[in-house]
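Next up, input_30.cif (mmCIF, C-alpha atoms):
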data_entry
#
loop_
_atom_site.label_atom_id
_atom_site.label_comp_id
_atom_site.auth_asym_id
_atom_site.auth_seq_id
_atom_site.Cartn_x
_atom_site.Cartn_y
_atom_site.Cartn_z
CA MET A 14 -4.80 -51.14 20.11
CA THR A 15 -3.96 -47.46 20.39
CA TRP A 16 -6.21 -44.97 22.12
CA LYS A 17 -8.01 -42.52 19.85
CA ARG A 18 -10.09 -39.54 20.94
CA GLY A 19 -13.68 -39.45 19.74
CA SER A 20 -16.95 -37.64 20.22
CA LYS A 21 -19.05 -38.84 23.13
CA PRO A 22 -22.00 -41.01 22.11
CA ASN A 23 -25.39 -40.29 23.68
CA GLY A 24 -25.66 -41.92 27.08
CA TRP A 25 -21.89 -42.35 27.59
CA TYR A 26 -20.56 -41.70 31.07
CA PRO A 27 -17.31 -42.57 32.88
CA ARG A 28 -17.63 -45.81 34.82
CA ARG A 29 -16.09 -46.93 38.09
CA GLY A 30 -12.54 -48.09 37.44
CA ASP A 31 -12.21 -46.15 34.18
CA VAL A 32 -9.05 -44.15 33.69
CA CYS A 33 -10.05 -40.97 31.87
CA LEU A 34 -8.36 -37.78 30.86
CA PHE A 35 -10.14 -34.75 32.33
CA LYS A 36 -9.93 -31.27 30.81
CA LEU A 37 -8.58 -29.13 33.66
CA ASP A 38 -5.73 -26.60 33.35
CA LYS A 39 -4.47 -29.26 30.93
CA GLU A 40 -5.65 -32.78 30.28
CA ARG A 41 -4.88 -34.90 33.33
CA PRO A 42 -5.63 -38.58 34.03
CA ALA A 43 -7.78 -39.74 36.93
CA VAL A 44 -9.49 -42.95 37.97
CA VAL A 45 -13.25 -42.86 38.54
CA ILE A 46 -14.16 -44.23 41.98
CA SER A 47 -17.85 -43.31 42.32
CA THR A 48 -20.50 -45.96 41.62
CA ASP A 49 -21.95 -46.38 38.16
CA VAL A 50 -25.46 -45.55 39.41
CA LEU A 51 -24.22 -42.14 40.55
CA ASN A 52 -22.00 -41.72 37.49
CA ARG A 53 -24.91 -42.32 35.15
CA PHE A 54 -27.36 -39.87 36.73
CA SER A 55 -25.17 -37.27 38.44
CA GLN A 56 -23.51 -34.32 36.73
CA ASP A 57 -20.19 -35.11 38.39
CA VAL A 58 -18.00 -38.09 39.21
CA CYS A 59 -15.69 -38.77 42.13
CA VAL A 60 -12.11 -39.35 40.99
CA LEU A 61 -8.58 -39.84 42.23
CA PRO A 62 -5.92 -37.95 40.28
CA ILE A 63 -3.04 -39.89 38.75
CA SER A 64 0.48 -38.48 38.64
CA LYS A 65 3.73 -39.42 36.93
CA SER A 66 5.59 -38.00 39.94
CA GLU A 67 6.31 -40.23 42.89
CA HIS A 68 5.91 -38.65 46.32
CA LYS A 69 8.22 -40.70 48.52
CA GLN A 70 6.74 -39.38 51.79
CA PHE A 71 3.29 -40.76 50.96
CA SER A 72 2.68 -44.49 51.11
CA LEU A 73 -0.96 -43.78 50.20
CA ARG A 74 -0.20 -43.58 46.49
CA PRO A 75 -0.35 -47.00 44.85
CA LYS A 76 2.21 -47.43 42.10
CA LEU A 77 1.03 -48.29 38.59
CA THR A 78 3.17 -49.79 35.88
CA ALA A 79 3.11 -48.40 32.35
CA GLY A 80 0.22 -50.01 30.50
CA GLN A 81 -2.11 -50.39 33.49
CA GLY A 82 -5.38 -48.61 32.78
CA GLY A 83 -4.08 -47.49 29.41
CA LEU A 84 -1.45 -45.23 31.01
CA GLU A 85 1.76 -44.69 29.03
CA PHE A 86 4.03 -44.11 32.01
CA GLU A 87 4.76 -45.50 35.45
CA SER A 88 2.35 -43.52 37.63
CA TRP A 89 0.90 -43.14 41.13
CA VAL A 90 -2.76 -42.82 42.22
CA LYS A 91 -3.20 -39.88 44.60
CA CYS A 92 -5.48 -41.58 47.13
CA ASP A 93 -4.89 -38.65 49.47
CA GLN A 94 -6.64 -36.28 47.02
CA PRO A 95 -10.16 -37.52 46.19
CA THR A 96 -12.21 -34.93 44.34
CA THR A 97 -15.30 -34.52 42.19
CA LEU A 98 -15.28 -33.28 38.63
CA LEU A 99 -18.02 -32.55 36.15
CA LYS A 100 -18.34 -35.65 34.02
CA ASP A 101 -18.54 -33.39 30.95
CA LEU A 102 -14.83 -32.70 31.54
CA ALA A 103 -14.03 -36.36 30.81
CA VAL A 104 -12.44 -36.99 27.42
CA TYR A 105 -14.04 -39.82 25.43
CA PRO A 106 -13.16 -42.62 25.29
CA ALA A 107 -11.56 -43.68 28.57
CA LEU A 108 -7.85 -44.47 28.31
CA GLY A 109 -8.57 -47.85 29.86
CA PHE A 110 -9.73 -49.37 33.12
CA PHE A 111 -8.23 -50.99 36.19
CA SER A 112 -8.67 -54.63 37.12
CA GLN A 113 -10.61 -55.53 40.27
CA GLU A 114 -7.31 -56.42 41.96
CA CYS A 115 -5.85 -52.99 41.16
CA LEU A 116 -9.07 -51.27 42.31
CA ARG A 117 -8.90 -53.15 45.63
CA LYS A 118 -5.38 -51.79 46.24
CA ILE A 119 -6.58 -48.29 45.41
CA GLU A 120 -9.64 -48.68 47.68
CA ALA A 121 -7.43 -49.87 50.55
CA ALA A 122 -5.11 -46.86 50.19
CA LEU A 123 -8.11 -44.52 49.94
CA ALA A 124 -9.68 -46.05 53.07
CA GLU A 125 -6.39 -45.57 54.91
CA ALA A 126 -6.07 -41.97 53.72
CA LEU A 127 -9.61 -41.17 54.92
CA GLU A 128 -9.45 -43.42 58.02
CA LEU A 129 -12.36 -45.55 56.79
CA SER A 130 -12.84 -49.24 57.45
CA ILE A 131 -13.92 -51.30 54.46
CA LYS A 132 -14.60 -54.98 54.02
CA HIS A 133 -14.17 -56.93 50.80
CA ASP A 134 -16.02 -60.07 49.87
CA HIS A 135 -13.64 -62.75 48.67
#
Let me see the file written as structure tokens.
Amino acid sequence: MTWKRGSKPNGWYPRRGDVCLFKLDKERPAVVISTDVLNRFSQDVCVLPISKSEHKQFSLRPKLTAGQGGLEFESWVKCDQPTTLLKDLAVYPALGFFSQECLRKIEAALAEALELSIKHDH
């Protein structure tokens, strides 16, 4: 199935794990990391930018293969650059979403980047 841009239905909001394009200086992909409760009621969402450029000096950028999360290219999640964006800047629909396994890798890299300790239930 190919991705096709559409108009946002009432009540739509980006969900945790969604990979969305955000309208910035140009459309750029990012993964939503804030909780769905916040995403639903807040005006902004917490995201990690995604880049097609590898930064070899940073091990805090998990590598993604083409196809993961609906991405067309091999990419890297910039866990060293968490930010918030207005959710109105998200392009509907999401490109895709990450599996729980992929999200765990991203969370681990984010925790390392921010020197946080997290525990996962197995």
Subject >> A:Phe86, A:Val32, A:Ser47, A:Lys76 ranked by distance to Pro62 of chain A, top pick (using only C-alpha atoms) >> reply: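 Comparing A:Phe86, A:Val32, A:Ser47, A:Lys76 against Pro62 of chain A, the winner is A:Val32.
Of the residues listed (A:Asp101, A:Leu123, A:Gln70, A:Lys118), A:Asp101 shows the shortest atom-to-atom separation from Pro27 of chain A; distances use all atoms listed in the file.
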Original post:
Which neighbours of Ser64 of chain A fall inside 7 Å, counting all atoms listed in the file, when residues of the same chain fewer than 6 positions from it are skipped, and could you give them as a VMD selection string?
Top reply: chain A and resid 88 to 90
**OP:** Enter the distance from atom CA of Gln56 of chain A to atom CA of Pro75 of chain A, in Å, rounded to one decimal.
**Re:**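 One can read the atom CA of Gln56 of chain A to atom CA of Pro75 of chain A distance as 27.6 Å.
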**OP:** May I have the residues within 12 Å of segment 79-85 of chain A as a ChimeraX atom specification, using all atoms listed in the file and disregarding those fewer than 6 positions away in the same chain?
**Re:** /A:14-17,30-34,41-45,63-65,106-116
